[in-house]
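J.: Input target.txt, format and content: compact mmCIF, C-alpha atoms.
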# COMPACT_ATOMS: atom_id res chain seq x y z
CA MET O 74 2.63 -9.78 8.16
CA LEU O 75 3.43 -6.24 9.41
CA GLU O 76 7.11 -7.11 9.85
CA ARG O 77 7.27 -8.34 6.25
CA LEU O 78 5.48 -5.24 5.00
CA ASN O 79 8.03 -3.06 6.76
CA GLN O 80 10.83 -5.05 5.14
CA ALA O 81 9.23 -4.25 1.79
CA MET O 82 9.19 -0.54 2.76
CA GLU O 83 12.93 -0.74 3.48
CA HIS O 84 13.46 -2.28 0.05
CA ILE O 85 11.65 0.69 -1.54
CA GLU O 86 13.89 3.13 0.34
CA SER O 87 17.03 1.37 -0.83
CA ARG O 88 15.96 1.56 -4.48
CA LEU O 89 14.40 5.00 -4.90
CA ASP O 90 17.02 5.77 -7.56
CA GLN O 91 16.47 2.42 -9.29
CA GLN O 92 13.65 0.44 -10.87
CA ILE O 93 11.31 -0.96 -8.20
CA ASP O 94 9.70 -4.27 -9.11
CA VAL O 95 6.39 -4.87 -7.34
CA ALA O 96 6.96 -8.61 -7.70
CA ASP O 97 10.09 -8.24 -5.51
CA LEU O 98 8.08 -6.37 -2.88
CA ALA O 99 5.41 -9.07 -2.90
CA ARG O 100 8.06 -11.78 -2.44
CA ILE O 101 9.50 -9.91 0.55
CA ALA O 102 6.02 -9.62 2.05
CA MET O 103 5.38 -13.30 1.22
CA THR O 104 2.15 -12.64 -0.64
CA SER O 105 0.89 -12.18 -4.19
CA GLU O 106 1.59 -9.02 -6.17
CA TYR O 107 -2.16 -8.43 -6.50
CA HIS O 108 -2.76 -8.72 -2.76
CA PHE O 109 0.29 -6.60 -1.91
CA ARG O 110 -1.06 -3.71 -4.00
CA ARG O 111 -4.50 -4.01 -2.43
CA LEU O 112 -3.21 -4.27 1.12
CA PHE O 113 -0.77 -1.39 0.71
CA SER O 114 -3.44 0.89 -0.71
CA ALA O 115 -5.82 0.12 2.14
CA LEU O 116 -3.19 0.59 4.86
CA ALA O 117 -1.44 3.64 3.40
CA GLY O 118 -4.48 5.44 2.00
CA MET O 119 -2.79 5.82 -1.39
CA PRO O 120 -1.72 3.54 -4.25
CA LEU O 121 1.77 2.03 -4.08
CA SER O 122 2.81 3.83 -7.29
CA GLU O 123 1.81 7.20 -5.80
CA TYR O 124 3.79 6.55 -2.61
CA VAL O 125 6.91 5.61 -4.59
CA ARG O 126 6.53 8.73 -6.77
CA ARG O 127 6.17 11.00 -3.74
CA ARG O 128 9.13 9.45 -1.95
CA ARG O 129 11.33 9.77 -5.04
CA LEU O 130 10.42 13.41 -5.49
CA THR O 131 10.93 14.08 -1.78
CA VAL O 132 14.49 12.74 -1.98
CA ALA O 133 15.04 14.44 -5.34
CA GLY O 134 13.86 17.72 -3.79
CA ALA O 135 16.60 17.54 -1.19
CA GLU O 136 19.17 17.02 -3.96
CA VAL O 137 17.77 19.97 -5.92
CA LEU O 138 18.25 22.26 -2.92
CA ALA O 139 21.69 20.83 -2.17
CA GLY O 140 22.95 21.95 -5.59
CA ARG O 141 25.67 19.33 -5.98
CA ARG O 142 24.17 17.78 -9.16
CA THR O 143 22.66 19.41 -12.23
CA LEU O 144 18.88 19.26 -12.56
CA LEU O 145 19.22 16.91 -15.53
CA GLU O 146 21.46 14.56 -13.54
CA ILE O 147 18.88 14.46 -10.77
CA ALA O 148 16.08 13.87 -13.28
CA VAL O 149 17.89 10.91 -14.86
CA ARG O 150 18.88 9.48 -11.49
CA TYR O 151 15.25 9.27 -10.40
CA GLY O 152 13.94 7.76 -13.60
CA TYR O 153 12.78 10.74 -15.67
CA GLY O 154 13.62 10.71 -19.35
CA SER O 155 13.93 14.47 -19.69
CA GLY O 156 14.27 17.63 -17.66
CA GLU O 157 10.80 18.68 -18.77
CA ALA O 158 9.17 15.47 -17.47
CA PHE O 159 11.03 15.86 -14.18
CA ALA O 160 9.97 19.50 -13.87
CA ARG O 161 6.30 18.62 -14.40
CA ALA O 162 6.38 15.85 -11.80
CA PHE O 163 8.36 18.02 -9.38
CA ARG O 164 5.88 20.88 -9.66
CA ALA O 165 2.92 18.53 -9.18
CA VAL O 166 4.29 17.44 -5.80
CA HIS O 167 6.08 20.53 -4.54
CA GLY O 168 4.05 23.32 -6.15
CA VAL O 169 7.17 24.88 -7.64
CA GLY O 170 9.56 23.93 -10.43
CA PRO O 171 13.04 22.54 -9.61
CA GLY O 172 14.86 25.50 -11.16
CA GLU O 173 12.89 28.01 -9.13
CA ALA O 174 13.25 25.90 -5.99
CA ARG O 175 17.04 25.91 -6.41
CA ARG O 176 17.23 29.65 -7.12
CA THR O 177 14.99 30.75 -4.28
CA GLY O 178 15.45 27.97 -1.72
CA ALA O 179 11.67 27.47 -1.74
CA ALA O 180 9.93 25.36 0.88
CA LEU O 181 9.19 21.89 -0.46
CA ARG O 182 6.71 19.20 0.54
CA SER O 183 7.89 15.95 2.08
CA GLN O 184 6.35 12.49 1.85
CA GLN O 185 7.42 10.81 5.07
CA ARG O 186 8.64 7.21 5.03
CA LEU O 187 5.88 4.78 5.87
CA SER O 188 6.10 2.04 8.45
CA PHE O 189 3.25 -0.12 9.67
CA ARG O 190 2.48 -0.83 13.32
CA LEU O 191 -0.21 -2.82 15.03
CA THR O 192 -2.82 -0.78 16.88
CA VAL O 193 -5.26 -2.67 19.07
CA GLU O 194 -8.73 -1.13 19.02
CA GLY O 195 -11.94 -1.96 20.86
CA SER O 196 -13.52 -5.36 20.82
CA GLY O 197 -15.47 -5.11 17.60
CA SER O 198 -15.85 -8.08 15.30
CA MET O 199 -16.60 -8.58 11.62
CA ARG O 200 -19.33 -10.94 10.44
CA TYR O 201 -18.06 -13.08 7.58
CA ARG O 202 -18.23 -16.49 5.97
CA VAL O 203 -16.07 -18.23 3.37
CA VAL O 204 -17.84 -19.79 0.39
CA ASP O 205 -16.58 -22.01 -2.44
CA ARG O 206 -18.51 -21.31 -5.63
CA GLU O 207 -18.69 -22.95 -9.01
CA GLU O 208 -18.48 -20.75 -12.10
CA PHE O 209 -21.36 -18.28 -12.34
CA ARG O 210 -22.48 -15.32 -14.41
CA VAL O 211 -23.47 -11.73 -13.74
CA VAL O 212 -26.14 -10.46 -16.13
CA GLY O 213 -27.08 -6.79 -16.24
CA MET O 214 -26.16 -3.37 -17.56
CA LYS O 215 -22.52 -2.32 -17.75
CA ALA O 216 -20.70 1.03 -17.71
CA ARG O 217 -17.05 2.10 -17.57
CA VAL O 218 -16.77 4.55 -14.67
CA PRO O 219 -14.04 6.33 -12.67
CA LEU O 220 -13.09 5.07 -9.21
CA VAL O 221 -14.20 7.28 -6.31
CA HIS O 222 -12.80 6.52 -2.85
CA GLU O 223 -15.24 8.47 -0.67
CA GLY O 224 -18.83 9.59 -1.04
CA VAL O 225 -21.33 8.77 -3.77
CA ASN O 226 -19.82 7.96 -7.16
CA PRO O 227 -21.58 10.46 -9.49
CA ALA O 228 -20.94 8.40 -12.64
CA ILE O 229 -22.46 5.26 -11.10
CA ALA O 230 -25.41 7.20 -9.67
CA GLU O 231 -26.15 8.74 -13.07
CA PHE O 232 -25.78 5.37 -14.80
CA ILE O 233 -28.25 3.70 -12.44
CA ARG O 234 -30.76 6.56 -12.86
CA GLY O 235 -30.64 5.93 -16.60
CA ILE O 236 -31.78 2.29 -16.29
CA ASP O 237 -35.56 2.10 -16.64
CA LYS O 238 -37.63 0.38 -13.97
CA GLU O 239 -38.90 -2.31 -16.33
CA THR O 240 -35.33 -3.40 -17.11
CA VAL O 241 -34.54 -3.59 -13.39
CA ARG O 242 -37.71 -5.63 -12.78
CA ARG O 243 -36.82 -8.11 -15.54
CA LEU O 244 -33.32 -8.48 -14.16
CA GLU O 245 -34.60 -9.10 -10.62
CA GLU O 246 -36.72 -11.97 -11.93
CA LEU O 247 -33.54 -13.66 -13.23
CA SER O 248 -31.84 -13.77 -9.81
CA ASP O 249 -31.63 -17.44 -8.84
CA GLN O 250 -28.57 -17.77 -6.55
CA GLU O 251 -26.54 -15.91 -3.96
CA PRO O 252 -26.11 -13.06 -3.62
CA ARG O 253 -29.82 -12.58 -4.32
CA GLY O 254 -31.40 -9.56 -5.97
CA ILE O 255 -29.78 -6.62 -7.74
CA VAL O 256 -26.04 -6.41 -7.08
CA ALA O 257 -23.31 -3.88 -7.83
CA VAL O 258 -20.27 -5.52 -9.39
CA SER O 259 -16.84 -3.90 -9.81
CA ASP O 260 -14.44 -5.55 -12.25
CA ASP O 261 -11.31 -4.83 -14.28
CA LEU O 262 -9.97 -2.21 -11.89
CA ASP O 263 -6.61 -0.57 -12.49
CA PRO O 264 -3.95 -2.34 -10.35
CA SER O 265 -3.03 0.96 -8.70
CA ARG O 266 -6.59 1.56 -7.45
CA ALA O 267 -5.85 5.27 -7.74
CA GLU O 268 -8.81 7.63 -7.55
CA GLY O 269 -9.97 8.53 -11.05
CA THR O 270 -8.77 5.30 -12.68
CA GLU O 271 -11.55 3.36 -14.38
CA LEU O 272 -13.42 0.13 -13.72
CA ASP O 273 -16.25 -1.90 -15.22
CA TYR O 274 -19.43 -1.47 -13.19
CA TYR O 275 -22.32 -3.93 -13.60
CA HIS O 276 -25.82 -3.31 -12.25
CA GLY O 277 -27.37 -6.73 -12.48
CA VAL O 278 -27.95 -10.15 -10.94
CA VAL O 279 -26.15 -13.44 -10.37
CA THR O 280 -27.99 -16.04 -12.42
CA ARG O 281 -27.91 -19.26 -14.42
CA ALA O 282 -30.63 -17.96 -16.77
CA GLU O 283 -30.08 -16.84 -20.34
CA ALA O 284 -29.17 -13.18 -20.69
CA PRO O 285 -31.96 -11.03 -22.20
CA GLU O 286 -31.18 -9.13 -25.39
CA GLY O 287 -29.44 -5.83 -24.71
CA THR O 288 -27.81 -6.90 -21.45
CA ASP O 289 -24.15 -7.50 -20.65
CA VAL O 290 -22.70 -10.73 -19.26
CA LEU O 291 -19.71 -11.25 -16.98
CA ALA O 292 -18.53 -14.86 -16.64
CA VAL O 293 -16.94 -15.46 -13.24
CA PRO O 294 -14.66 -18.51 -12.81
CA ALA O 295 -15.06 -20.93 -9.91
CA GLY O 296 -13.27 -19.95 -6.73
CA THR O 297 -13.39 -19.06 -3.06
CA TRP O 298 -15.12 -15.96 -1.72
CA ALA O 299 -15.10 -14.20 1.64
CA VAL O 300 -18.55 -12.75 2.33
CA PHE O 301 -18.85 -9.84 4.76
CA GLU O 302 -21.98 -8.31 6.30
CA SER O 303 -22.37 -4.72 7.47
CA SER O 304 -25.01 -2.19 8.49
CA GLY O 305 -24.71 1.58 8.77
CA SER O 306 -25.05 4.97 7.11
CA PHE O 307 -25.01 5.07 3.33
CA PRO O 308 -22.60 5.27 1.51
CA GLN O 309 -19.91 5.75 4.18
CA ALA O 310 -20.47 2.40 5.92
CA LEU O 311 -20.03 0.55 2.63
CA GLN O 312 -16.76 2.28 1.82
CA PHE O 313 -15.52 1.73 5.38
CA LEU O 314 -16.39 -1.95 4.94
CA TRP O 315 -13.93 -2.26 2.05
CA ARG O 316 -11.28 -0.50 4.14
CA ASP O 317 -11.86 -2.69 7.20
CA VAL O 318 -11.69 -5.88 5.16
CA PHE O 319 -8.16 -5.03 4.02
CA THR O 320 -6.83 -3.32 7.13
CA GLN O 321 -8.34 -5.64 9.74
CA TRP O 322 -9.62 -8.92 8.33
CA PHE O 323 -6.85 -9.89 5.91
CA PRO O 324 -3.97 -9.27 8.36
CA SER O 325 -5.80 -11.43 10.93
CA ASN O 326 -6.81 -14.37 8.73
CA PRO O 327 -4.97 -16.92 6.53
CA TYR O 328 -6.34 -15.56 3.25
CA ARG O 329 -5.27 -13.10 0.59
CA SER O 330 -7.22 -11.37 -2.17
CA ARG O 331 -7.08 -12.72 -5.71
CA PRO O 332 -8.08 -11.14 -9.04
CA GLY O 333 -11.79 -11.15 -9.72
CA PRO O 334 -14.92 -9.04 -9.48
CA GLU O 335 -16.10 -7.62 -6.15
CA ILE O 336 -19.83 -7.96 -5.59
CA LEU O 337 -21.94 -5.79 -3.32
CA ARG O 338 -25.59 -6.35 -2.42
CA VAL O 339 -27.22 -3.39 -0.68
CA SER O 340 -30.63 -2.99 0.93
CA LEU O 341 -31.44 0.68 1.59
CA SER O 342 -33.79 2.09 4.20
CA ALA O 343 -36.89 3.99 3.03
CA ASP O 344 -35.10 7.35 3.29
CA GLY O 345 -31.89 6.04 1.71
CA ALA O 346 -29.79 7.05 4.73
CA GLN O 347 -29.05 3.56 6.08
CA ALA O 348 -27.96 0.37 4.38
CA ASP O 349 -27.57 -3.34 5.06
CA ALA O 350 -24.78 -4.71 2.88
CA GLU O 351 -23.20 -7.99 1.85
CA LEU O 352 -19.77 -7.76 0.23
CA TRP O 353 -18.23 -10.67 -1.73
CA ILE O 354 -14.44 -10.53 -2.15
CA PRO O 355 -12.53 -13.19 -4.15
CA VAL O 356 -9.88 -14.81 -1.93
CA GLU O 357 -7.42 -17.69 -1.75
CA ARG O 358 -5.69 -19.31 1.19
CA ALA O 359 -2.34 -17.73 1.95
CA ALA O 360 0.76 -19.86 2.27
CA LEU O 361 1.69 -20.33 5.93
Have the structure of the file written as structure tokens, please.

T.:
Amino acid sequence: MLERLNQAMEHIESRLDQQIDVADLARIAMTSEYHFRRLFSALAGMPLSEYVRRRRLTVAGAEVLAGRRTLLEIAVRYGYGSGEAFARAFRAVHGVGPGEARRTGAALRSQQRLSFRLTVEGSGSMRYRVVDREEFRVVGMKARVPLVHEGVNPAIAEFIRGIDKETVRRLEELSDQEPRGIVAVSDDLDPSRAEGTELDYYHGVVTRAEAPEGTDVLAVPAGTWAVFESSGSFPQALQFLWRDVFTQWFPSNPYRSRPGPEILRVSLSADGAQADAELWIPVERAAL
């Protein structure tokens, strides 16, 4: 897997001045486009689109300083429709406009080329099981919220505080299948998974029961799920769980992620500092 990912990185480098098709990268890595985006983001710590943008502007920065092409020629070469669009993107990465950088020889920022290597760590293991499920429904309250990579998500926390206890109690009574109890469901995420992009968040239950008036329903098609268990400090342990699933479990097992909601069941300690969690990720068997 790592060798194929590095081949995809080489493909990016060879096409920084051309259109880069994520489907081509996924074919090189021998996986789905959806899984390639997810795996790259987890391994690199940034969305694929952001990495490509930074690499393009790193190479473009060298050309700006070299002075052999006009700024407009450089802008067009790296996919910008105008000098103004190029200048905005250039300043966002380098902290200075291209014209000023050329005049003054300003120091620029560089996004280094990525390559992936295997690092063997400890002897830890992940507790998981693989479950085939028929179609089911999530019933609860829904909000559109921004994605936050680390720490508590303020929008989700505020949304949950706004749900009255009676509504939560009625929802809990509807729970009749795994995962039991109130669950947090993330759906319809932006493919880039960039911080600040939006997702649908459901605070509800998995149930066969009729949805009460005023609640939202998410129909989930039949499929296979990998279910992971974790315990630790809240919320860091939960966010590390997502990271570990994609950086450790997927590269070591014959599965890949598939589109679908991600479901998290959390049991907090009395002081809210510790959590036991169960994370459901939609998966499919990878081609060998």

J.: Rounded to one decimal in Å, what is the spacing between atom CA of Ala346 of chain O and atom CA of Ser306 of chain O?

T.: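 Straight-line distance from atom CA of Ala346 of chain O to atom CA of Ser306 of chain O works out to 5.7 Å.
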
J.: Quote the spacing between atom CA of Arg234 of chain O and atom CA of Met214 of chain O in Å to one decimal place.

T.: 11.9 Å

J.: Just to confirm, what's the straight-line distance from atom CA of Gly170 of chain O to atom CA of Leu145 of chain O in Å (one decimal)?

T.: 13.0 Å

J.: Which one of O:Pro334, O:Gly118, O:Gly168, O:Gly140 sits closest to Tyr274 of chain O if you count only C-alpha atoms?

T.: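 Once distances to Tyr274 of chain O are computed over only C-alpha atoms, the minimum belongs to O:Pro334.
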
J.: Counting all atoms listed in the file, what is within 10 Å of Leu75 of chain O, bar same-chain residues fewer than 5 positions away, as a list of chain:residue names?

T.: O:Gln80, O:Ala81, O:Ala102, O:Ser188, O:Phe189, O:Arg190, O:Leu191, O:Pro324

J.: I'd like the neighbourhood of segment 278-287 of chain O as a ChimeraX atom specification, where a residue qualifies if any of its atoms comes within 10 Å (using only C-alpha atoms), though same-chain residues fewer than 6 positions away should be ignored.

T.: /O:208-214,240-241,243-258,293,336,338

J.: Name all residues at most 12 Å from Ala230 of chain O (count all atoms listed in the file; drop same-chain ones fewer than 4 positions away) and give them as a PyMOL selection string.

T.: chain O and resi 216+218-219+221+224-226+234-236+257+274+276+308

J.: How would the residues just picked look written out with C-alpha atoms as a compact mmCIF listing (two decimals), keeping the file's coordinate frame?

T.:
# COMPACT_ATOMS: atom_id res chain seq x y z
CA ALA O 216 -20.70 1.03 -17.71
CA VAL O 218 -16.77 4.55 -14.67
CA PRO O 219 -14.04 6.33 -12.67
CA VAL O 221 -14.20 7.28 -6.31
CA GLY O 224 -18.83 9.59 -1.04
CA VAL O 225 -21.33 8.77 -3.77
CA ASN O 226 -19.82 7.96 -7.16
CA ARG O 234 -30.76 6.56 -12.86
CA GLY O 235 -30.64 5.93 -16.60
CA ILE O 236 -31.78 2.29 -16.29
CA ALA O 257 -23.31 -3.88 -7.83
CA TYR O 274 -19.43 -1.47 -13.19
CA HIS O 276 -25.82 -3.31 -12.25
CA PRO O 308 -22.60 5.27 1.51

J.: What's the 10 Å shell around segment 120-125 of chain O, counting all atoms listed in the file, without same-chain residues fewer than 6 positions away, as a PyMOL selection string?

T.: chain O and resi 82+85-86+88-89+93+95+109-114+131+184-187+264-268

J.: May I ask which of the residues O:Glu357, O:Glu335, O:Glu231, O:Asp344 is the closest one to Thr297 of chain O, counting all atoms listed in the file?

T.: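 Smallest separation from Thr297 of chain O among the options: O:Glu357.
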
J.: In terms of the shortest atom-to-atom distance over all atoms listed in the file, which of O:Leu352, O:Thr288, O:Arg206, O:Leu116 is closest to Gln321 of chain O?

T.: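 Closest residue, counting all atoms listed in the file: O:Leu116.
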